[in-house]
file upload_12.txt (compact mmCIF, C-alpha atoms)
# COMPACT_ATOMS: atom_id res chain seq x y z
CA MET A 1 -18.18 -2.29 -6.66
CA LEU A 2 -18.46 -0.48 -9.96
CA THR A 3 -14.75 -0.96 -10.48
CA ILE A 4 -15.21 -4.70 -10.05
CA TRP A 5 -18.03 -4.70 -12.60
CA ARG A 6 -15.95 -2.75 -15.07
CA LYS A 7 -12.90 -4.96 -14.71
CA ALA A 8 -14.86 -8.22 -14.76
CA ALA A 9 -13.50 -9.24 -18.16
CA LEU A 10 -9.98 -9.35 -16.68
CA PHE A 11 -10.84 -12.00 -14.10
CA ASP A 12 -9.18 -15.36 -14.78
CA PRO A 13 -10.61 -18.27 -12.73
CA HIS A 14 -7.58 -20.41 -13.62
CA ARG A 15 -5.36 -18.24 -11.53
CA ALA A 16 -7.46 -16.93 -8.71
CA GLN A 17 -10.52 -17.33 -6.59
CA VAL A 18 -12.95 -14.53 -7.18
CA SER A 19 -12.49 -13.43 -3.55
CA ALA A 20 -8.75 -12.95 -4.11
CA TRP A 21 -9.43 -10.86 -7.17
CA ILE A 22 -12.06 -8.73 -5.47
CA TYR A 23 -9.76 -8.30 -2.48
CA GLN A 24 -7.05 -6.67 -4.61
CA ILE A 25 -9.43 -4.37 -6.45
CA ALA A 26 -11.15 -3.34 -3.24
CA ARG A 27 -7.86 -2.62 -1.45
CA ASN A 28 -6.52 -0.59 -4.36
CA ARG A 29 -9.72 1.37 -4.74
CA GLN A 30 -9.82 2.22 -1.06
CA ILE A 31 -6.20 3.37 -1.02
CA ASP A 32 -6.63 5.34 -4.26
CA ILE A 33 -9.50 7.26 -2.72
CA ILE A 34 -7.76 7.89 0.62
CA ARG A 35 -4.41 8.89 -0.85
CA LYS A 36 -5.70 10.40 -4.07
CA GLU A 37 -3.26 8.41 -6.16
CA ASN A 38 -3.22 5.41 -8.41
CA ARG A 39 -1.85 2.20 -6.92
CA PRO A 40 0.75 0.86 -9.37
CA MET A 41 -0.22 -2.59 -10.62
CA PRO A 42 1.95 -5.16 -12.41
CA GLU A 43 1.47 -5.56 -16.14
CA GLU A 44 -1.47 -7.80 -16.95
CA LEU A 45 -0.57 -11.19 -18.37
CA LYS A 46 -1.81 -11.65 -21.89
CA GLU A 47 -3.95 -14.69 -22.31
CA GLU A 48 -3.21 -16.82 -25.28
CA PRO A 49 -5.87 -16.30 -27.90
CA GLY A 50 -8.39 -19.13 -28.11
CA ALA A 51 -7.34 -20.74 -24.82
CA GLU A 52 -10.03 -23.13 -23.61
CA PRO A 53 -11.15 -23.05 -19.97
CA ASP A 54 -9.48 -25.84 -18.02
CA ALA A 55 -12.03 -27.18 -15.56
CA SER A 56 -9.56 -29.17 -13.46
CA GLN A 57 -7.35 -26.12 -12.98
CA ILE A 58 -10.36 -24.01 -11.95
CA LEU A 59 -11.47 -26.72 -9.55
CA GLY A 60 -7.94 -26.92 -8.13
CA VAL A 61 -7.92 -23.20 -7.39
CA GLN A 62 -11.25 -23.53 -5.60
CA GLN A 63 -10.13 -26.54 -3.57
CA GLU A 64 -7.06 -24.68 -2.42
CA ALA A 65 -9.18 -21.74 -1.38
CA GLY A 66 -11.17 -24.14 0.78
CA GLN A 67 -7.98 -25.48 2.38
CA LEU A 68 -6.83 -21.94 2.96
CA ARG A 69 -10.02 -21.05 4.80
CA GLU A 70 -9.62 -24.11 6.99
CA ALA A 71 -6.03 -23.13 7.74
CA LEU A 72 -7.17 -19.64 8.70
CA ALA A 73 -9.91 -21.02 10.91
CA ALA A 74 -7.40 -23.27 12.69
CA LEU A 75 -5.19 -20.35 13.75
CA LYS A 76 -4.93 -19.21 17.35
CA PRO A 77 -7.07 -16.11 17.91
CA ASP A 78 -4.10 -13.74 18.31
CA GLN A 79 -2.44 -15.06 15.15
CA ARG A 80 -5.67 -14.72 13.28
CA GLU A 81 -6.05 -11.17 14.44
CA MET A 82 -2.57 -10.30 13.18
CA ILE A 83 -3.31 -11.88 9.79
CA GLU A 84 -6.50 -9.88 9.51
CA LYS A 85 -4.69 -6.70 10.46
CA ALA A 86 -1.95 -7.36 7.91
CA TYR A 87 -4.29 -8.06 5.02
CA LEU A 88 -6.78 -5.34 5.83
CA GLY A 89 -3.96 -2.82 5.61
CA GLU A 90 -3.46 -2.03 9.28
CA LEU A 91 0.22 -3.03 9.42
CA THR A 92 3.17 -1.54 7.55
CA HIS A 93 5.63 -3.87 5.83
CA ARG A 94 8.07 -3.24 8.67
CA GLU A 95 5.47 -4.26 11.22
CA ILE A 96 4.61 -7.36 9.22
CA SER A 97 8.27 -8.37 8.98
CA VAL A 98 8.88 -8.03 12.74
CA GLN A 99 5.75 -10.00 13.64
CA THR A 100 7.60 -13.24 14.22
CA GLY A 101 4.42 -15.02 15.28
CA LEU A 102 2.79 -14.23 11.96
CA PRO A 103 2.23 -17.55 10.18
CA LEU A 104 2.44 -15.97 6.72
CA GLY A 105 4.50 -18.80 5.29
CA THR A 106 2.36 -21.59 6.74
CA ILE A 107 -0.82 -20.01 5.49
CA LYS A 108 0.55 -19.31 2.09
CA SER A 109 2.07 -22.74 1.56
CA ARG A 110 -1.49 -24.10 1.43
CA ILE A 111 -2.06 -22.33 -1.83
CA ARG A 112 1.50 -22.36 -3.06
CA LEU A 113 1.31 -25.77 -4.70
CA GLY A 114 -1.39 -24.96 -7.22
CA LEU A 115 0.18 -21.64 -7.94
CA GLU A 116 3.54 -23.29 -8.53
CA ARG A 117 1.92 -25.35 -11.28
CA LEU A 118 0.83 -22.11 -12.84
CA ARG A 119 4.26 -20.60 -12.64
CA HIS A 120 5.28 -22.73 -15.54
CA GLU A 121 2.56 -21.35 -17.72
CA LEU A 122 3.25 -17.80 -16.60
CA LYS A 123 6.84 -18.16 -17.67
CA ASP A 124 5.79 -19.06 -21.19
CA LEU A 125 3.37 -16.16 -21.28
CA GLN A 126 5.96 -13.66 -20.17
CA GLN A 127 8.51 -14.43 -22.84
CA MET B 1 13.00 -14.11 -16.98
CA SER B 2 14.26 -17.08 -15.00
CA SER B 3 17.52 -15.23 -14.41
CA VAL B 4 15.99 -13.13 -11.62
CA THR B 5 17.69 -14.10 -8.35
CA HIS B 6 16.89 -11.22 -5.97
CA HIS B 7 13.22 -11.14 -5.06
CA ILE B 8 10.71 -9.24 -2.94
CA PRO B 9 10.57 -10.23 0.76
CA ASP B 10 7.28 -11.80 1.84
CA ALA B 11 6.32 -9.06 4.29
CA MET B 12 6.74 -6.45 1.58
CA LEU B 13 4.59 -8.44 -0.85
CA ALA B 14 1.86 -8.81 1.79
CA ALA B 15 1.96 -5.06 2.46
CA TYR B 16 1.83 -4.40 -1.28
CA ALA B 17 -1.26 -6.61 -1.64
CA ALA B 18 -2.84 -4.81 1.30
CA GLY B 19 -2.10 -1.50 -0.41
CA ASN B 20 0.11 -0.48 2.47
CA LEU B 21 3.42 0.24 0.80
CA PRO B 22 4.54 3.82 0.16
CA HIS B 23 3.80 4.72 -3.47
CA ALA B 24 7.48 4.77 -4.50
CA PHE B 25 8.00 1.20 -3.24
CA ALA B 26 4.76 0.04 -4.81
CA VAL B 27 6.07 1.22 -8.19
CA ALA B 28 9.27 -0.81 -7.72
CA VAL B 29 7.34 -3.88 -6.52
CA ALA B 30 4.80 -3.72 -9.38
CA SER B 31 7.66 -3.34 -11.86
CA HIS B 32 9.57 -6.29 -10.42
CA ILE B 33 6.46 -8.48 -10.55
CA SER B 34 6.01 -7.50 -14.19
CA LEU B 35 9.43 -9.09 -14.80
CA CYS B 36 9.33 -11.99 -12.31
CA SER B 37 6.85 -14.87 -12.41
CA LYS B 38 7.99 -16.18 -9.02
CA CYS B 39 6.93 -13.00 -7.26
CA ARG B 40 3.76 -12.77 -9.34
CA VAL B 41 2.80 -16.19 -8.07
CA ALA B 42 3.67 -15.20 -4.50
CA LEU B 43 1.59 -12.04 -4.83
CA GLU B 44 -1.38 -14.05 -6.05
CA ALA B 45 -0.98 -16.29 -3.01
CA HIS B 46 -1.18 -13.20 -0.79
CA GLN B 47 -4.24 -12.01 -2.66
CA ALA B 48 -5.85 -15.39 -2.03
CA VAL B 49 -5.19 -15.00 1.70
CA GLY B 50 -6.56 -11.45 1.58
CA GLY B 51 -9.65 -12.74 -0.23
CA ALA B 52 -10.19 -15.42 2.39
CA VAL B 53 -9.85 -12.84 5.19
CA LEU B 54 -12.30 -10.59 3.38
CA ASP B 55 -14.72 -13.49 2.92
CA GLU B 56 -14.70 -14.22 6.63
CA SER B 57 -15.07 -10.63 7.75
CA TYR B 58 -18.42 -9.29 8.79
CA SER B 59 -20.65 -7.75 6.14
CA VAL B 60 -22.34 -4.39 6.39
CA ALA B 61 -25.93 -3.94 5.30
CA VAL B 62 -26.42 -1.16 2.75
CA SER B 63 -29.59 0.82 2.29
CA SER B 64 -31.84 -0.06 -0.62
CA ASN B 65 -31.26 3.45 -1.98
CA LEU B 66 -27.52 2.91 -2.17
CA LYS B 67 -28.02 -0.50 -3.74
CA GLY B 68 -30.39 1.01 -6.29
CA ASP B 69 -27.91 3.78 -7.08
CA ILE B 70 -25.11 1.31 -7.67
CA PHE B 71 -27.21 -0.95 -9.86
CA ALA B 72 -28.35 2.09 -11.85
CA GLN B 73 -24.72 2.95 -12.57
CA LEU B 74 -23.81 -0.46 -13.94
CA ASP B 75 -24.83 0.55 -17.44
CA ALA B 76 -23.34 4.02 -17.24
CA SER B 77 -20.55 4.67 -19.69
CA PHE B 78 -17.07 5.13 -18.31
CA SER B 79 -13.66 5.79 -19.70
CA PRO B 80 -11.19 3.10 -18.66
CA GLU B 81 -7.90 4.29 -17.20
CA PRO B 82 -5.05 4.25 -19.68
CA VAL B 83 -3.01 1.04 -19.57
CA TYR B 84 0.71 1.48 -20.06
CA GLU B 85 2.35 -1.40 -21.87
CA ARG B 86 5.98 -2.31 -21.55
CA ARG B 87 8.19 -0.29 -23.89
CA GLY B 88 11.73 -1.53 -24.47
CA ILE B 89 13.36 -2.03 -21.09
CA TYR B 90 10.68 -0.08 -19.20
CA PRO B 91 7.88 -2.14 -17.57
CA GLY B 92 4.31 -0.79 -17.60
CA PRO B 93 4.31 0.51 -14.00
CA VAL B 94 7.45 2.59 -14.73
CA LEU B 95 5.86 4.06 -17.86
CA GLU B 96 2.76 4.84 -15.84
CA VAL B 97 4.79 7.04 -13.49
CA MET B 98 6.46 8.59 -16.55
CA LYS B 99 3.01 9.09 -18.08
CA GLY B 100 4.33 7.36 -21.18
CA ARG B 101 7.08 9.90 -21.91
CA GLU B 102 10.71 9.11 -22.78
CA PRO B 103 13.37 9.39 -20.03
CA ARG B 104 14.77 12.91 -19.59
CA TRP B 105 18.30 12.31 -18.41
CA LYS B 106 20.11 14.89 -16.28
CA LYS B 107 23.86 14.59 -15.76
CA LEU B 108 25.09 13.85 -12.24
CA GLY B 109 28.79 13.76 -13.12
CA MET B 110 31.17 10.89 -14.00
CA GLY B 111 28.78 9.88 -16.76
CA VAL B 112 26.05 9.01 -14.26
CA ARG B 113 22.64 10.36 -15.21
CA GLN B 114 19.25 10.39 -13.55
CA ASP B 115 15.64 11.20 -14.27
CA ILE B 116 13.46 11.96 -11.24
CA LEU B 117 10.03 10.55 -12.02
CA SER B 118 8.36 11.61 -8.80
CA ALA B 119 9.53 13.07 -5.51
CA ASP B 120 7.74 14.30 -2.44
CA ALA B 121 7.91 14.04 1.33
CA ASN B 122 6.92 10.36 1.20
CA GLY B 123 9.74 9.30 -1.08
CA SER B 124 11.04 9.41 -4.61
CA VAL B 125 11.18 7.31 -7.75
CA ARG B 126 13.91 7.90 -10.27
CA LEU B 127 15.80 6.28 -13.08
CA LEU B 128 19.56 5.99 -12.85
CA TYR B 129 21.91 5.54 -15.77
CA ILE B 130 25.36 4.26 -14.83
CA PRO B 131 27.99 3.77 -17.55
CA ALA B 132 29.63 0.34 -17.65
CA GLY B 133 32.38 0.06 -15.03
CA GLN B 134 31.31 3.25 -13.27
CA ALA B 135 30.54 3.50 -9.55
CA VAL B 136 27.68 5.39 -7.95
CA PRO B 137 29.05 7.58 -5.12
CA ASP B 138 29.17 5.90 -1.71
CA HIS B 139 25.90 6.43 0.03
CA SER B 140 23.87 5.19 2.93
CA HIS B 141 20.17 5.81 3.39
CA ASN B 142 17.93 7.65 5.77
CA GLY B 143 15.21 5.17 4.97
CA LEU B 144 14.89 2.18 2.72
CA GLU B 145 16.00 2.10 -0.90
CA LEU B 146 14.71 -0.35 -3.51
CA THR B 147 16.74 -0.66 -6.71
CA LEU B 148 15.39 -2.59 -9.67
CA VAL B 149 17.73 -3.31 -12.59
CA LEU B 150 16.15 -2.65 -16.00
CA GLN B 151 19.25 -2.96 -18.19
CA GLY B 152 22.79 -4.25 -17.70
CA SER B 153 23.86 -5.18 -14.18
CA PHE B 154 25.67 -3.85 -11.13
CA SER B 155 27.56 -5.34 -8.22
CA ASP B 156 28.12 -4.12 -4.71
CA GLU B 157 29.17 -5.42 -1.32
CA THR B 158 26.05 -7.59 -1.14
CA GLY B 159 26.14 -9.31 -4.54
CA ARG B 160 25.47 -9.02 -8.25
CA PHE B 161 22.19 -7.69 -9.62
CA GLY B 162 21.01 -8.26 -13.18
CA VAL B 163 17.85 -7.37 -15.11
CA GLY B 164 14.76 -7.90 -12.95
CA ASP B 165 16.74 -8.19 -9.70
CA LEU B 166 15.60 -6.05 -6.80
CA GLU B 167 18.08 -4.82 -4.21
CA ILE B 168 16.77 -3.70 -0.85
CA ALA B 169 19.10 -1.52 1.20
CA ASP B 170 18.28 0.00 4.57
CA GLU B 171 20.01 2.43 6.94
CA GLU B 172 22.55 -0.22 7.88
CA VAL B 173 23.87 -0.67 4.37
CA GLU B 174 26.64 1.61 3.19
CA HIS B 175 27.26 0.37 -0.32
CA THR B 176 29.02 1.32 -3.52
CA PRO B 177 27.15 -0.09 -6.49
CA VAL B 178 29.41 -0.43 -9.55
CA ALA B 179 27.96 -1.05 -13.00
CA ASP B 180 29.42 -4.23 -14.50
CA PHE B 181 31.37 -4.15 -17.74
CA GLY B 182 29.42 -4.47 -20.93
CA GLU B 183 26.20 -2.53 -21.20
CA ALA B 184 25.42 0.65 -19.27
CA CYS B 185 23.26 -0.12 -16.24
CA ILE B 186 19.81 1.45 -16.02
CA CYS B 187 17.95 1.09 -12.72
CA LEU B 188 14.76 2.22 -11.11
CA ALA B 189 15.48 3.49 -7.59
CA ALA B 190 12.73 4.06 -5.05
CA THR B 191 13.23 5.54 -1.58
CA ASP B 192 10.97 6.52 1.27
CA ALA B 193 13.46 9.22 2.31
CA ARG B 194 16.25 11.28 0.84
CA LEU B 195 19.61 9.67 0.13
CA ARG B 196 22.59 10.65 2.26
CA PHE B 197 26.02 10.73 0.69
CA SER B 198 29.02 10.05 2.86
CA ALA B 199 31.49 12.04 0.77
CA PHE B 200 31.45 15.78 1.38
CA ILE B 201 31.03 17.10 -2.16
CA PRO B 202 28.07 14.97 -3.18
CA ARG B 203 26.38 15.99 0.06
CA LEU B 204 26.73 19.65 -0.96
CA LEU B 205 25.24 18.83 -4.33
CA GLN B 206 22.40 16.80 -2.91
CA PRO B 207 19.84 19.61 -2.52
CA MET B 208 20.59 20.72 -6.06
CA PHE B 209 20.02 17.29 -7.56
CA ARG B 210 17.21 16.34 -5.19
CA ILE B 211 18.60 12.87 -4.56
call {"tool": "encode", "arguments": {"input": "upload_12.txt", "output": "structure tokens"}}
result
Amino acid sequence: MLTIWRKAALFDPHRAQVSAWIYQIARNRQIDIIRKENRPMPEELKEEPGAEPDASQILGVQQEAGQLREALAALKPDQREMIEKAYLGELTHREISVQTGLPLGTIKSRIRLGLERLRHELKDLQQ
Amino acid sequence: MSSVTHHIPDAMLAAYAAGNLPHAFAVAVASHISLCSKCRVALEAHQAVGGAVLDESYSVAVSSNLKGDIFAQLDASFSPEPVYERRGIYPGPVLEVMKGREPRWKKLGMGVRQDILSADANGSVRLLYIPAGQAVPDHSHNGLELTLVLQGSFSDETGRFGVGDLEIADEEVEHTPVADFGEACICLAATDARLRFSAFIPRLLQPMFRI
């Protein structure tokens, strides 16, 4: 929790729901403690100086998060259990890839659209 | 950056988000994402799913003492972890493993050089330098090998790999990567096991070079 507090300035509501952001920090922190190592993270994207918050983009991210929760709730119990296992770190990548019943793609496509819009901006930022 | 054509498989990204990839692979994945907006977007999608799962999971009550302790620490001073920025062809996550130092190349023969950044029972991360037009000795793998191109390009039986491309080779793949003409090819190679060379001599040398 302290880690989340200390990293709060890095949170960007245009790109992620706060739960997504907390999820990654919490997972990394847990693994770091268990394995006594630092989880490698991608380079942070640099925000353009003076960028104004874009309310419609922030709203879009939140709406998609709502759709995602509905999609999760609509899953069959066994599928849901596998998803939980995968994202709470109980499956290896090999196990995830052989779980043919795992609706990873379906679930993710719900949030893919908004993120695709962002891809454009990311590209500019990365140059 | 749009030239990246070989990406991270979905299952591997999900495992990376969940923190469940071996460290060596996580370095390769984090480095690829630093160079590839498509996979960054896909990772953020996985994080959103993880967040939703976390949101729905049951909460645990904490004692008021613990809560008080945590709140008391909010104002405590702390030293942030060092952030490694990209330097030249090396993405931040690679520099983090190198602790910010320059590559220390060791000769492997035929102009091929390597720098082992980390190696233990769980796998290894190293840099490979392959002169233009030069082949890396035939090898298959005991485990999985992830190769991320940082400079130049190479081709093998499965295709052509340029800067930012990630090749994933498992036990089934016996391949001979050859650096393309032009620039020398520099790659980051991550394995979760030791490499196995099919030719006799390199196999003898393997313990010596720790590859």
call {"tool": "closest_residue", "arguments": {"input": "upload_12.txt", "among": "A:Gln57, A:Thr3, A:Gln24, A:Gln62", "to": "chain B", "atoms": "only C-alpha atoms"}}
result
A:Gln24
call {"tool": "atom_distance", "arguments": {"input": "upload_12.txt", "atom1": "CA of Ala121 (chain B)", "atom2": "CA of Thr191 (chain B)"}}
result
10.4 Å
call {"tool": "axis_aligned_box", "arguments": {"input": "upload_12.txt", "around": "region 6-20 of chain B", "padding_each_side": "3 Å", "output": "JSON"}}
result
{"center_x": 7.0, "center_y": -6.1, "center_z": -0.8, "size_x": 25.7, "size_y": 17.3, "size_z": 16.3}
call {"tool": "closest_residue", "arguments": {"input": "upload_12.txt", "among": "B:Cys39, B:Leu148, B:Ile89, B:Ile130", "to": "chain A", "atoms": "all atoms listed in the file"}}
result
B:Cys39
call {"tool": "atom_distance", "arguments": {"input": "upload_12.txt", "atom1": "CA of Ile22 (chain A)", "atom2": "CA of Asp78 (chain A)"}}
result
25.6 Å
call {"tool": "residues_around", "arguments": {"input": "upload_12.txt", "residues": "Gly89 (chain A)", "least_positions_apart": "4", "cutoff": "9 Å", "atoms": "all atoms listed in the file", "output": "PDB file with C-alpha atoms, in the coordinates of the input"}}
result
ATOM      1  CA  ARG A  27      -7.860  -2.620  -1.450  1.00  0.00           C
ATOM      2  CA  GLU A  84      -6.500  -9.880   9.510  1.00  0.00           C
ATOM      3  CA  LYS A  85      -4.690  -6.700  10.460  1.00  0.00           C
TER       4      LYS A  85
ATOM      5  CA  ALA B  15       1.960  -5.060   2.460  1.00  0.00           C
ATOM      6  CA  ALA B  17      -1.260  -6.610  -1.640  1.00  0.00           C
ATOM      7  CA  ALA B  18      -2.840  -4.810   1.300  1.00  0.00           C
ATOM      8  CA  GLY B  19      -2.100  -1.500  -0.410  1.00  0.00           C
ATOM      9  CA  ASN B  20       0.110  -0.480   2.470  1.00  0.00           C
TER      10      ASN B  20
END
